[in-house]
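The structure file final_30.cif is reproduced below (mmCIF, C-alpha atoms).
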```cif
data_work
loop_
_atom_site.label_atom_id
_atom_site.label_comp_id
_atom_site.auth_asym_id
_atom_site.auth_seq_id
_atom_site.Cartn_x
_atom_site.Cartn_y
_atom_site.Cartn_z
CA MET A 10 107.35 -33.46 14.40
CA GLN A 11 111.08 -32.97 14.92
CA PRO A 12 112.12 -30.50 17.67
CA PRO A 13 113.93 -27.37 16.39
CA PRO A 14 117.73 -27.70 16.24
CA SER A 15 119.70 -26.42 19.22
CA ALA A 16 121.89 -23.31 19.02
CA ARG A 17 124.97 -25.54 18.71
CA ASP A 18 123.34 -27.55 15.92
CA VAL A 19 122.35 -24.35 14.10
CA LEU A 20 125.97 -23.16 14.23
CA VAL A 21 127.10 -26.34 12.46
CA LEU A 22 124.14 -26.29 10.08
CA ALA A 23 124.97 -22.71 9.07
CA GLN A 24 128.51 -23.82 8.22
CA ILE A 25 127.18 -26.72 6.15
CA VAL A 26 124.64 -24.56 4.30
CA ASP A 27 127.40 -22.08 3.47
CA LEU A 28 129.68 -24.84 2.17
CA VAL A 29 126.91 -26.34 0.03
CA ARG A 30 125.86 -22.94 -1.31
CA SER A 31 129.43 -22.02 -2.27
CA GLY A 32 130.09 -25.43 -3.86
CA ALA A 33 132.89 -26.23 -1.40
CA GLY A 34 131.03 -29.32 -0.21
CA THR A 35 128.18 -30.93 -2.13
CA THR A 36 128.15 -34.48 -0.79
CA ARG A 37 128.21 -35.84 2.75
CA PRO A 38 131.77 -37.26 2.37
CA GLU A 39 132.97 -33.88 1.11
CA LEU A 40 131.32 -32.11 4.02
CA GLU A 41 132.93 -34.56 6.45
CA ALA A 42 136.33 -33.92 4.90
CA VAL A 43 136.01 -30.11 4.82
CA THR A 44 134.55 -29.68 8.31
CA GLY A 45 136.31 -32.53 10.10
CA LEU A 46 132.97 -33.56 11.55
CA GLY A 47 131.83 -37.14 11.92
CA ARG A 48 129.39 -38.86 9.61
CA THR A 49 126.54 -38.89 12.13
CA ILE A 50 126.75 -35.16 12.81
CA VAL A 51 126.90 -34.31 9.11
CA ASN A 52 123.97 -36.62 8.35
CA ASP A 53 121.89 -35.11 11.16
CA ARG A 54 122.58 -31.51 10.13
CA VAL A 55 121.92 -32.25 6.45
CA ARG A 56 118.63 -33.87 7.38
CA GLU A 57 117.70 -30.79 9.42
CA GLY A 58 118.56 -28.55 6.49
CA ILE A 59 116.30 -30.63 4.27
CA ASP A 60 113.49 -30.58 6.85
CA LEU A 61 113.80 -26.80 7.14
CA GLY A 62 113.57 -26.44 3.36
CA VAL A 63 116.98 -24.87 2.70
CA LEU A 64 118.77 -27.99 1.41
CA ALA A 65 117.74 -30.73 -1.00
CA GLU A 66 119.19 -34.02 -2.20
CA VAL A 67 119.70 -34.55 -5.90
CA GLU A 68 120.91 -37.31 -8.22
CA ALA A 69 123.69 -39.61 -7.13
CA ALA A 70 127.17 -38.20 -7.67
CA PRO A 71 130.24 -40.24 -8.74
CA SER A 72 131.99 -41.52 -5.66
CA GLY A 73 135.56 -41.29 -6.97
CA ARG A 74 137.74 -43.85 -5.23
CA ARG A 75 135.22 -44.54 -2.50
CA ARG A 76 133.60 -47.97 -2.61
CA GLY A 77 129.91 -48.65 -2.22
CA ARG A 78 126.93 -46.69 -3.43
CA PRO A 79 127.53 -43.22 -4.92
CA SER A 80 126.92 -40.31 -2.54
CA ARG A 81 123.82 -38.26 -3.24
CA SER A 82 124.60 -34.63 -3.99
CA ILE A 83 123.23 -31.89 -1.79
CA ARG A 84 122.26 -28.46 -3.09
CA PHE A 85 121.10 -25.20 -1.59
CA ARG A 86 117.47 -24.52 -2.52
CA THR A 87 117.70 -21.17 -4.30
CA GLU A 88 113.96 -21.49 -4.94
CA ALA A 89 113.08 -21.57 -1.22
CA GLY A 90 112.43 -17.83 -1.21
CA VAL A 91 112.46 -14.85 -3.56
CA ILE A 92 114.11 -11.44 -3.40
CA LEU A 93 112.44 -8.21 -4.49
CA ALA A 94 115.09 -5.92 -6.00
CA ALA A 95 114.80 -2.39 -7.36
CA SER A 96 117.24 0.15 -8.76
CA LEU A 97 116.10 3.75 -9.17
CA GLY A 98 117.73 6.40 -11.30
CA GLU A 99 116.44 9.95 -11.33
CA VAL A 100 114.03 9.15 -14.17
CA SER A 101 114.07 5.35 -14.31
CA LEU A 102 112.99 2.35 -12.27
CA HIS A 103 114.21 -1.19 -12.80
CA ALA A 104 112.40 -3.76 -10.64
CA ALA A 105 112.88 -7.52 -10.45
CA VAL A 106 112.02 -10.69 -8.59
CA THR A 107 114.95 -13.07 -8.27
CA ASP A 108 115.74 -16.38 -6.64
CA LEU A 109 118.17 -16.60 -3.71
CA ASP A 110 121.10 -16.67 -6.13
CA GLY A 111 120.10 -13.35 -7.68
CA ARG A 112 118.84 -14.97 -10.90
CA TYR A 113 115.91 -13.23 -12.54
CA LEU A 114 112.44 -14.74 -12.40
CA ALA A 115 110.66 -11.60 -13.66
CA ARG A 116 111.56 -7.95 -14.20
CA GLU A 117 110.25 -4.69 -15.60
CA PHE A 118 111.27 -1.14 -16.44
CA ARG A 119 109.23 2.02 -16.05
CA SER A 120 109.87 5.75 -16.11
CA ILE A 121 109.66 7.76 -12.89
CA ASP A 122 110.70 11.19 -11.65
CA VAL A 123 112.35 11.28 -8.22
CA GLN A 124 111.36 14.94 -7.97
CA ASP A 125 107.82 13.64 -7.27
CA GLY A 126 108.99 12.75 -3.76
CA PRO A 127 109.60 9.54 -1.83
CA GLU A 128 105.98 8.56 -1.15
CA HIS A 129 104.98 8.76 -4.81
CA VAL A 130 108.15 7.11 -6.13
CA LEU A 131 108.34 4.29 -3.60
CA ARG A 132 104.67 3.57 -4.19
CA ALA A 133 105.59 3.01 -7.84
CA VAL A 134 108.32 0.59 -6.73
CA HIS A 135 105.89 -1.30 -4.51
CA GLU A 136 103.36 -1.49 -7.35
CA SER A 137 106.04 -2.93 -9.63
CA PHE A 138 106.88 -5.58 -7.04
CA ARG A 139 103.23 -6.59 -6.69
CA ARG A 140 102.75 -6.68 -10.44
CA LEU A 141 105.80 -8.92 -10.90
CA LEU A 142 104.68 -11.29 -8.15
CA ARG A 143 101.24 -11.56 -9.74
CA ARG A 144 102.88 -12.34 -13.07
CA LEU A 145 104.78 -15.21 -11.47
CA GLY A 146 101.60 -16.68 -10.03
CA SER A 147 102.56 -18.44 -6.81
CA PRO A 148 106.26 -17.91 -6.24
CA ALA A 149 108.08 -18.80 -3.04
CA PRO A 150 107.66 -16.45 -0.07
CA VAL A 151 109.46 -13.10 -0.14
CA TRP A 152 112.59 -13.42 1.93
CA ALA A 153 114.16 -10.01 1.33
CA VAL A 154 113.69 -6.59 -0.25
CA SER A 155 116.62 -4.56 -1.57
CA VAL A 156 116.35 -1.07 -3.06
CA GLY A 157 118.95 1.23 -4.62
CA LEU A 158 118.18 4.96 -4.48
CA PRO A 159 119.76 7.78 -6.54
CA ALA A 160 121.13 9.52 -3.46
CA PRO A 161 123.66 8.93 -0.70
CA THR A 162 122.18 6.59 1.89
CA ASP A 163 123.06 5.52 5.40
CA HIS A 164 123.23 1.78 4.79
CA PRO A 165 122.95 0.70 8.47
CA THR A 166 119.66 2.58 8.97
CA GLY A 167 118.22 2.65 5.46
CA ARG A 168 117.75 6.42 5.59
CA VAL A 169 118.48 8.81 2.76
CA VAL A 170 121.37 11.13 3.56
CA THR A 171 120.75 14.77 2.69
CA PRO A 172 120.64 14.73 -1.13
CA ARG A 173 121.76 17.79 -3.02
CA THR A 174 119.53 17.48 -6.04
CA ILE A 175 116.28 15.74 -5.03
CA PRO A 176 114.35 17.86 -2.50
CA GLY A 177 111.99 16.08 -0.15
CA TRP A 178 114.11 12.98 0.33
CA ALA A 179 116.47 14.21 3.05
CA GLY A 180 116.34 11.90 6.06
CA PHE A 181 113.56 9.77 4.58
CA ASP A 182 113.42 6.31 6.18
CA ALA A 183 113.10 4.12 3.09
CA ARG A 184 113.69 0.91 5.06
CA SER A 185 110.74 1.53 7.38
CA TRP A 186 108.55 2.46 4.42
CA PHE A 187 109.11 -0.93 2.81
CA SER A 188 109.10 -2.84 6.12
CA ALA A 189 105.57 -1.57 6.73
CA ARG A 190 104.44 -3.09 3.43
CA CYS A 191 106.66 -6.15 2.99
CA ASP A 192 106.98 -8.80 5.67
CA ALA A 193 110.70 -9.36 5.09
CA PRO A 194 114.12 -7.89 5.87
CA VAL A 195 114.86 -4.71 3.88
CA TRP A 196 118.17 -3.28 2.71
CA VAL A 197 118.64 0.16 1.14
CA ASP A 198 121.76 1.48 -0.59
CA ASN A 199 122.91 3.99 -3.15
CA GLU A 200 121.96 2.64 -6.57
CA THR A 201 125.40 3.24 -8.09
CA ASN A 202 126.93 1.15 -5.31
CA LEU A 203 124.59 -1.67 -6.29
CA ARG A 204 125.49 -1.27 -9.95
CA ALA A 205 129.15 -1.63 -8.99
CA LEU A 206 128.41 -4.77 -6.97
CA GLY A 207 126.37 -6.25 -9.83
CA GLU A 208 129.17 -5.72 -12.33
CA TRP A 209 131.82 -7.04 -9.95
CA GLU A 210 129.85 -10.20 -9.23
CA ARG A 211 128.15 -10.94 -12.57
CA GLY A 212 129.72 -8.67 -15.19
CA GLU A 213 131.87 -9.87 -18.05
CA PRO A 214 134.73 -10.53 -18.14
CA GLN A 215 134.97 -11.87 -14.59
CA GLU A 216 138.23 -10.44 -13.28
CA ARG A 217 137.61 -10.27 -9.50
CA ARG A 218 139.85 -7.23 -9.23
CA ASP A 219 138.93 -4.02 -7.39
CA LEU A 220 136.25 -2.36 -9.52
CA LEU A 221 135.29 1.30 -9.97
CA TYR A 222 131.90 1.83 -11.58
CA VAL A 223 131.06 5.25 -13.04
CA LYS A 224 127.47 6.06 -13.93
CA VAL A 225 126.83 8.97 -16.27
CA ALA A 226 123.13 9.64 -16.75
CA THR A 227 121.00 12.56 -15.58
CA GLY A 228 123.57 12.89 -12.81
CA ILE A 229 127.02 11.40 -12.29
CA GLY A 230 128.06 9.01 -9.54
CA SER A 231 130.40 6.12 -8.84
CA GLY A 232 130.71 3.00 -6.74
CA LEU A 233 133.78 1.10 -5.58
CA VAL A 234 134.13 -2.61 -4.78
CA THR A 235 137.37 -3.59 -3.04
CA GLY A 236 138.11 -7.17 -2.07
CA GLY A 237 134.54 -8.06 -2.99
CA ARG A 238 133.02 -5.52 -0.59
CA LEU A 239 131.39 -2.17 -1.26
CA HIS A 240 133.20 0.89 0.02
CA ARG A 241 130.55 3.32 1.31
CA GLY A 242 132.66 5.73 3.34
CA ASP A 243 132.04 6.98 6.86
CA SER A 244 128.74 8.76 6.13
CA GLY A 245 127.62 7.21 2.85
CA ALA A 246 129.18 9.89 0.65
CA ALA A 247 131.79 7.68 -1.03
CA GLY A 248 131.51 7.85 -4.80
CA ASP A 249 129.55 11.13 -4.98
CA ILE A 250 131.87 12.46 -7.68
CA GLY A 251 129.25 14.42 -9.57
CA HIS A 252 129.84 17.39 -7.31
CA VAL A 253 133.62 17.47 -7.50
CA ARG A 254 134.71 20.88 -8.76
CA VAL A 255 136.20 20.70 -12.27
CA THR A 256 135.94 24.25 -13.62
CA ASP A 257 135.97 27.91 -12.55
CA ASP A 258 133.48 28.84 -15.27
CA PRO A 259 130.77 30.90 -13.52
CA ALA A 260 128.22 29.72 -16.08
CA ALA A 261 128.58 26.10 -14.87
CA VAL A 262 125.88 26.42 -12.22
CA CYS A 263 124.95 23.07 -10.70
CA ARG A 264 121.61 21.83 -9.42
CA CYS A 265 123.16 21.54 -5.98
CA GLY A 266 123.58 25.33 -5.84
CA LYS A 267 127.34 25.41 -6.30
CA THR A 268 129.35 26.33 -9.38
CA GLY A 269 131.83 24.26 -11.36
CA CYS A 270 130.65 20.73 -10.44
CA LEU A 271 131.44 17.87 -12.80
CA GLU A 272 127.72 17.22 -13.16
CA ALA A 273 127.12 20.83 -14.25
CA VAL A 274 129.48 20.27 -17.17
CA ALA A 275 128.96 16.62 -18.11
CA GLY A 276 125.73 15.35 -16.54
CA GLY A 277 122.81 14.46 -18.77
CA TRP A 278 120.76 17.44 -17.64
CA ALA A 279 123.72 19.76 -18.36
CA LEU A 280 124.11 18.32 -21.86
CA VAL A 281 120.41 18.89 -22.50
CA ARG A 282 120.76 22.49 -21.27
CA THR A 283 123.81 23.19 -23.43
CA LEU A 284 122.38 21.64 -26.58
CA THR A 285 119.00 23.27 -26.14
CA GLU A 286 120.78 26.63 -26.22
CA ARG A 287 122.74 25.58 -29.32
CA ALA A 288 119.62 24.30 -31.05
CA ARG A 289 117.84 27.60 -30.42
CA ALA A 290 120.87 29.43 -31.80
CA GLY A 291 120.65 27.39 -35.01
CA GLU A 292 123.92 25.52 -34.39
CA SER A 293 122.33 22.05 -34.36
CA PRO A 294 119.91 21.39 -37.23
CA VAL A 295 118.95 17.93 -35.98
CA LEU A 296 118.16 19.09 -32.47
CA ALA A 297 116.54 22.33 -33.63
CA GLU A 298 114.05 20.27 -35.62
CA ARG A 299 113.33 18.04 -32.62
CA LEU A 300 112.97 21.05 -30.34
CA ALA A 301 110.45 22.59 -32.73
CA GLU A 302 108.46 19.33 -32.74
CA VAL A 303 108.12 18.63 -29.01
CA GLY A 304 109.34 21.77 -27.25
CA HIS A 305 112.13 20.13 -25.26
CA LEU A 306 115.10 17.78 -25.66
CA THR A 307 116.01 14.53 -23.91
CA GLY A 308 119.11 12.40 -23.60
CA GLU A 309 117.68 10.07 -26.23
CA ASP A 310 117.41 13.01 -28.63
CA ILE A 311 121.08 13.78 -28.07
CA GLY A 312 122.00 10.16 -28.76
CA ARG A 313 120.10 10.22 -32.04
CA ALA A 314 121.76 13.51 -33.00
CA VAL A 315 125.21 12.04 -32.33
CA ALA A 316 124.34 8.99 -34.45
CA ALA A 317 123.18 11.32 -37.22
CA GLY A 318 126.55 13.11 -37.21
CA ASP A 319 125.26 16.39 -35.76
CA GLU A 320 128.44 18.40 -35.09
CA ALA A 321 127.11 20.38 -32.13
CA ALA A 322 125.91 17.21 -30.42
CA ARG A 323 129.18 15.42 -31.08
CA TRP A 324 131.16 18.38 -29.72
CA ALA A 325 129.11 18.55 -26.52
CA VAL A 326 129.27 14.79 -25.89
CA SER A 327 133.02 14.66 -26.60
CA ARG A 328 133.66 17.56 -24.23
CA ALA A 329 131.58 15.98 -21.47
CA ALA A 330 133.40 12.66 -21.92
CA ARG A 331 136.84 14.26 -21.74
CA VAL A 332 135.98 16.27 -18.62
CA THR A 333 134.54 13.17 -16.94
CA GLY A 334 137.49 11.00 -17.94
CA THR A 335 139.97 13.57 -16.66
CA ALA A 336 138.19 13.72 -13.30
CA ILE A 337 138.06 9.92 -13.07
CA ALA A 338 141.77 9.69 -13.93
CA GLY A 339 142.48 11.35 -10.58
CA VAL A 340 140.30 8.78 -8.83
CA VAL A 341 142.08 5.96 -10.67
CA ASN A 342 145.46 7.35 -9.63
CA PHE A 343 144.33 7.43 -6.00
CA LEU A 344 142.43 4.13 -5.77
CA ASN A 345 144.30 2.04 -8.36
CA PRO A 346 141.35 -0.22 -9.32
CA GLY A 347 141.88 -3.15 -11.66
CA THR A 348 138.64 -2.57 -13.57
CA LEU A 349 136.90 0.65 -14.55
CA VAL A 350 133.32 0.31 -15.81
CA LEU A 351 131.29 3.05 -17.50
CA GLY A 352 127.51 2.71 -17.32
CA GLY A 353 124.29 4.66 -17.34
CA GLY A 354 122.19 6.34 -19.99
CA VAL A 355 125.24 7.91 -21.61
CA LEU A 356 125.91 4.59 -23.32
CA ARG A 357 122.90 5.27 -25.52
CA THR A 358 124.94 7.97 -27.30
CA GLY A 359 126.96 5.22 -28.95
CA ASP A 360 130.71 4.71 -28.82
CA LEU A 361 131.70 8.39 -28.86
CA PHE A 362 131.42 9.09 -25.14
CA PHE A 363 133.17 5.88 -24.11
CA GLU A 364 136.10 6.30 -26.48
CA GLU A 365 136.71 9.91 -25.43
CA PHE A 366 136.27 8.98 -21.76
CA ARG A 367 138.69 6.07 -22.04
CA GLN A 368 141.36 8.16 -23.72
CA ALA A 369 141.04 10.94 -21.13
CA VAL A 370 141.49 8.41 -18.31
CA LEU A 371 144.61 7.02 -19.96
CA ASP A 372 145.98 10.49 -20.69
CA GLY A 373 145.42 11.66 -17.12
CA GLY A 374 146.38 8.49 -15.29
CA ILE A 375 149.83 7.62 -14.08
CA GLU A 376 151.45 4.70 -15.87
CA LEU A 377 151.55 2.45 -12.81
CA ALA A 378 147.79 2.86 -12.23
CA THR A 379 146.69 2.42 -15.84
CA ARG A 380 149.08 -0.10 -17.42
CA SER A 381 146.94 -3.11 -16.44
CA LEU A 382 143.64 -1.27 -15.99
CA THR A 383 140.65 -2.78 -17.80
CA ILE A 384 138.35 -0.01 -19.03
CA ARG A 385 135.02 -1.26 -20.36
CA THR A 386 131.35 -0.47 -20.62
CA ALA A 387 128.75 -2.07 -18.35
CA SER A 388 127.95 -5.57 -19.52
CA LEU A 389 124.58 -6.33 -17.90
CA ALA A 390 122.29 -4.36 -20.24
CA ASP A 391 121.42 -1.74 -17.60
CA ALA A 392 120.34 -4.49 -15.18
CA GLU A 393 123.44 -4.23 -13.00
CA GLY A 394 121.55 -2.26 -10.34
CA THR A 395 118.86 -4.88 -9.71
CA THR A 396 121.49 -7.61 -9.94
CA GLY A 397 123.56 -5.88 -7.28
CA ALA A 398 120.48 -5.28 -5.13
CA ALA A 399 119.53 -8.96 -5.22
CA LEU A 400 123.09 -10.05 -4.47
CA LEU A 401 123.31 -7.62 -1.54
CA SER A 402 120.21 -9.21 -0.02
CA ALA A 403 121.39 -12.75 -0.74
CA GLU A 404 124.72 -12.12 0.96
CA SER A 405 123.06 -10.36 3.90
CA LEU A 406 120.70 -13.32 4.37
CA LEU A 407 122.99 -16.24 3.69
CA ARG A 408 126.42 -15.57 5.12
CA PRO A 409 127.08 -17.86 8.12
CA SER A 410 126.67 -15.14 10.77
CA ALA A 411 123.24 -14.29 9.32
CA LEU A 412 122.16 -17.90 8.84
CA GLN A 413 122.62 -18.50 12.55
CA LEU A 414 119.94 -15.91 13.27
CA TRP A 415 117.11 -17.55 11.34
CA LEU A 416 117.90 -21.11 10.21
CA ALA A 417 116.08 -22.74 13.12
CA GLU A 418 112.85 -21.13 11.87
CA GLY A 419 113.40 -22.03 8.22
CA THR A 420 112.63 -18.44 7.16
CA PRO A 421 114.37 -15.10 7.78
CA VAL A 422 111.15 -13.09 8.15
CA ALA A 423 110.92 -13.16 11.96
CA ALA A 424 114.59 -12.22 12.26
CA ALA A 425 114.34 -9.12 10.03
CA ALA A 426 115.42 -6.59 12.68
CA ARG A 427 118.42 -8.66 13.76
CA LEU A 428 119.47 -9.35 10.18
CA GLN A 429 119.32 -5.67 9.25
CA ALA A 430 121.53 -4.85 12.24
CA VAL A 431 124.31 -7.19 11.07
CA GLN A 432 126.64 -5.32 8.71
#
```
Representation of the structure as structure tokens:
Amino acid sequence: MQPPPSARDVLVLAQIVDLVRSGAGTTRPELEAVTGLGRTIVNDRVREGIDLGVLAEVEAAPSGRRRGRPSRSIRFRTEAGVILAASLGEVSLHAAVTDLDGRYLAREFRSIDVQDGPEHVLRAVHESFRRLLRRLGSPAPVWAVSVGLPAPTDHPTGRVVTPRTIPGWAGFDARSWFSARCDAPVWVDNETNLRALGEWERGEPQERRDLLYVKVATGIGSGLVTGGRLHRGDSGAAGDIGHVRVTDDPAAVCRCGKTGCLEAVAGGWALVRTLTERARAGESPVLAERLAEVGHLTGEDIGRAVAAGDEAARWAVSRAARVTGTAIAGVVNFLNPGTLVLGGGVLRTGDLFFEEFRQAVLDGGIELATRSLTIRTASLADAEGTTGAALLSAESLLRPSALQLWLAEGTPVAAAARLQAVQ
């Protein structure tokens, strides 16, 4: 049995693993050229990486101008471990198991209600994870857990910051909850942040410009990626635009207790409230019929009414889109992103919301901030949250500074506390 690599060897091995994973060096000669290290050192570290299970040799690669036998390619073993990723909206749960490159192995969707409290909701997440792992049979060991919550979070500690609209979650330690049930490092973030990261990394088209993601669903939130990194703010409140004041109308009472919030005018729950009143007043035949059938309306009902040409529904959705777009125009003027992405359940209303939103952003934005701005809808079929969650874990596990903490063991599990402390 080979002795574990020394700290110095691990430092070099971490560099090599990072180069192989990024594609910057996939053969021994390439690694020698990129690192400036000698052949013996590269060979020894590659062998250690293979012995530890993080690297593998593959078919011979063309050797270019080099004489002799072709060099065997080296790849990072994305199958060495799996990541459990979840993204929670206020009424939805997307859960997935991915490889170490954030590629899906299995996933599922289920309805939830965050008002049921953290114990009940996170139990549903844990059950989804176990169900997906059973479906896969005997996957690789779990190397990380990453969860996006529909509330501001303190990313370094994994605690929920005081949420305005979901009582019972304030201060809840979501990281510890999962750590007690999953023998792996755990990361917790705001789910809209993770949606932004997913779209920046895997969305189409791939522009790699600063990206602002706006989610309009039951509530309204946003996430910002600048230079490839999430911007969370000093206390985790960055992007909480749903409670920006947009009107003096005293009837626009928000769930947070204040008046005039963007969410109270344009959030999904506000649209349901407005159109329920209009349906009862006989102003929306389509929704009045639905209300008589089931006793309440949903966002899906509003989407169907818009598709059916219901004038009251179209008016309410258009108004919400314009108000949201006008508010976001101010954010665009301030942040000057290159890409603006609209996502969330509002997309199920069809093109109407997006087109009105887009025009309001352009009307309210200054020319310098909007002339090269890409405005598009989310491209990952509502899976951007779990994609971002998986990618957050992968980056937290596999960047060189993190690799140095666990590579000698061949698994990150024992180094969970130290990995979670590295931001």
Margin query: For a test of reading the model, state the distance in Å between CA of Ile384 in chain A and CA of Arg357 in chain A, rounded to one decimal.
Written below: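 Going from CA of Ile384 in chain A over to CA of Arg357 in chain A covers 17.6 Å.
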Next item on the list: Calculate how many Å separate CA of Val130 in chain A from CA of Leu102 in chain A, rounding to one decimal.
Entry: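 Pair CA of Val130 in chain A / CA of Leu102 in chain A returns 9.2 Å.
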Margin query: Just checking: using only C-alpha atoms, which residue out of A:Ala115, A:Leu64, A:Ala42, A:Ala321 ends up closest to Ala290 in chain A?
Written below: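 Among the listed residues, A:Ala321 lies closest to Ala290 in chain A.
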Quick check on the file I pasted: which residues fall under the PyMOL selection byres ((chain A and resi 29) around 12)? Write them as a short mmCIF file (atom, residue, chain, number, x, y, z; two decimals) with C-alpha atoms, in the frame of the given file.
```cif
data_model
loop_
_atom_site.label_atom_id
_atom_site.label_comp_id
_atom_site.auth_asym_id
_atom_site.auth_seq_id
_atom_site.Cartn_x
_atom_site.Cartn_y
_atom_site.Cartn_z
CA LEU A 22 124.14 -26.29 10.08
CA ALA A 23 124.97 -22.71 9.07
CA GLN A 24 128.51 -23.82 8.22
CA ILE A 25 127.18 -26.72 6.15
CA VAL A 26 124.64 -24.56 4.30
CA ASP A 27 127.40 -22.08 3.47
CA LEU A 28 129.68 -24.84 2.17
CA ARG A 30 125.86 -22.94 -1.31
CA SER A 31 129.43 -22.02 -2.27
CA GLY A 32 130.09 -25.43 -3.86
CA ALA A 33 132.89 -26.23 -1.40
CA GLY A 34 131.03 -29.32 -0.21
CA THR A 35 128.18 -30.93 -2.13
CA THR A 36 128.15 -34.48 -0.79
CA ARG A 37 128.21 -35.84 2.75
CA GLU A 39 132.97 -33.88 1.11
CA LEU A 40 131.32 -32.11 4.02
CA VAL A 43 136.01 -30.11 4.82
CA THR A 44 134.55 -29.68 8.31
CA VAL A 55 121.92 -32.25 6.45
CA GLY A 58 118.56 -28.55 6.49
CA VAL A 63 116.98 -24.87 2.70
CA LEU A 64 118.77 -27.99 1.41
CA ALA A 65 117.74 -30.73 -1.00
CA GLU A 66 119.19 -34.02 -2.20
CA SER A 82 124.60 -34.63 -3.99
CA ILE A 83 123.23 -31.89 -1.79
CA ARG A 84 122.26 -28.46 -3.09
CA PHE A 85 121.10 -25.20 -1.59
CA ARG A 86 117.47 -24.52 -2.52
CA THR A 87 117.70 -21.17 -4.30
CA LEU A 407 122.99 -16.24 3.69
CA ARG A 408 126.42 -15.57 5.12
CA PRO A 409 127.08 -17.86 8.12
#
```
Notebook entry, point to check: With distances taken over only C-alpha atoms, which of A:Gln429, A:Leu203, A:Gly397, A:Trp152 is nearest to Ala411 in chain A?
Noted result: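 When distances to Ala411 in chain A are compared using only C-alpha atoms, the smallest one comes from A:Gln429.
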Notebook entry, point to check: So, counting all atoms listed in the file, which residue among A:Ala316, A:Val295, A:Ala153, A:Val169 is closest to Ala398 in chain A?
Noted result: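 Checking each candidate against Ala398 in chain A, we get A:Ala153 as the closest.
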Note to self: Can you translate the PyMOL selection byres ((chain A and resi 394) around 6) into the concrete residues it hits in this file, as number ranges by chain?
What the structure shows: A: 96, 203-204, 392-393, 395-397
Selection file, C-alpha atoms, as a PDB file, in the coordinates of the input:
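Ended up saving to out-v5.pdb:
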```pdb
ATOM      1  CA  SER A  96     117.240   0.150  -8.760  1.00  0.00           C
ATOM      2  CA  LEU A 203     124.590  -1.670  -6.290  1.00  0.00           C
ATOM      3  CA  ARG A 204     125.490  -1.270  -9.950  1.00  0.00           C
ATOM      4  CA  ALA A 392     120.340  -4.490 -15.180  1.00  0.00           C
ATOM      5  CA  GLU A 393     123.440  -4.230 -13.000  1.00  0.00           C
ATOM      6  CA  THR A 395     118.860  -4.880  -9.710  1.00  0.00           C
ATOM      7  CA  THR A 396     121.490  -7.610  -9.940  1.00  0.00           C
ATOM      8  CA  GLY A 397     123.560  -5.880  -7.280  1.00  0.00           C
TER       9      GLY A 397
END
```
Notebook entry, point to check: Where does the PyMOL selection byres ((chain A and resi 362) around 9) land in this file, that is, which residues does it pick, as a PyMOL selection string?
Noted result: chain A and resi 323+326-331+355-356+358-361+363-367
Notebook entry, point to check: For the point (118.1, -9.4, 6.7) in file coordinates, what residues are within 9 Å, counting only C-alpha atoms? Give the answer as a ChimeraX atom specification?
Noted result: /A:152-154,193-196,402-403,405-407,411,421-422,424-431
Let's have the selection written as a short mmCIF file (atom, residue, chain, number, x, y, z; two decimals), in the coordinates of the input, with C-alpha atoms.
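Contents of out-v3.cif, freshly written:
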```
data_model
loop_
_atom_site.label_atom_id
_atom_site.label_comp_id
_atom_site.auth_asym_id
_atom_site.auth_seq_id
_atom_site.Cartn_x
_atom_site.Cartn_y
_atom_site.Cartn_z
CA TRP A 152 112.59 -13.42 1.93
CA ALA A 153 114.16 -10.01 1.33
CA VAL A 154 113.69 -6.59 -0.25
CA ALA A 193 110.70 -9.36 5.09
CA PRO A 194 114.12 -7.89 5.87
CA VAL A 195 114.86 -4.71 3.88
CA TRP A 196 118.17 -3.28 2.71
CA SER A 402 120.21 -9.21 -0.02
CA ALA A 403 121.39 -12.75 -0.74
CA SER A 405 123.06 -10.36 3.90
CA LEU A 406 120.70 -13.32 4.37
CA LEU A 407 122.99 -16.24 3.69
CA ALA A 411 123.24 -14.29 9.32
CA PRO A 421 114.37 -15.10 7.78
CA VAL A 422 111.15 -13.09 8.15
CA ALA A 424 114.59 -12.22 12.26
CA ALA A 425 114.34 -9.12 10.03
CA ALA A 426 115.42 -6.59 12.68
CA ARG A 427 118.42 -8.66 13.76
CA LEU A 428 119.47 -9.35 10.18
CA GLN A 429 119.32 -5.67 9.25
CA ALA A 430 121.53 -4.85 12.24
CA VAL A 431 124.31 -7.19 11.07
#
```
Next item on the list: Within 7 Å of range 219-234 of chain A, counting only C-alpha atoms, which residues show up once you throw out same-chain ones fewer than 6 positions away? Write them as a PyMOL selection string, please.
Entry: chain A and resi 99+201-202+205-206+209+240+248-251+272+276-278+346-355
Notebook entry, point to check: What is the distance between CA of Gly62 in chain A and CA of Ser137 in chain A, in Å to one decimal?
Noted result: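 Atom-to-atom, CA of Gly62 in chain A to CA of Ser137 in chain A, that is 27.9 Å.
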Item checked: Non-local contacts of Leu61 in chain A (9 Å; only C-alpha atoms; under 6 positions in same chain excluded) as number ranges by chain -> A: 416-420
Margin query: When you look at Arg287 in chain A with a cut-off of 10 Å (counting all atoms listed in the file), what residues show up, excluding the ones that are within fewer than 4 positions of it in the same chain? I need them as a PyMOL selection string.
Written below: chain A and resi 281-283+291-294+296-297+321-322+325
Check: Near Val156 in chain A, counting all atoms listed in the file, which residues have an atom at most 6 Å away, once you skip same-chain residues fewer than 3 positions from it, shown as a PyMOL selection string?
Finding: chain A and resi 94-96+197
Margin query: Applying 12 Å and all atoms listed in the file, which residues near range 372-376 of chain A remain after dropping the ones on its own chain fewer than 5 positions away? List them as a list in words.
Written below: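 Once the adjacent positions are removed, what remains is Arg331, Val332, Thr333, Gly334, Thr335, Ala336, Ile337, Ala338, Gly339, Val340, Val341, Asn342, Phe343, Leu344, Asn345, Pro346, Glu365, Phe366, Arg367, Ser381 and Leu382 of chain A.
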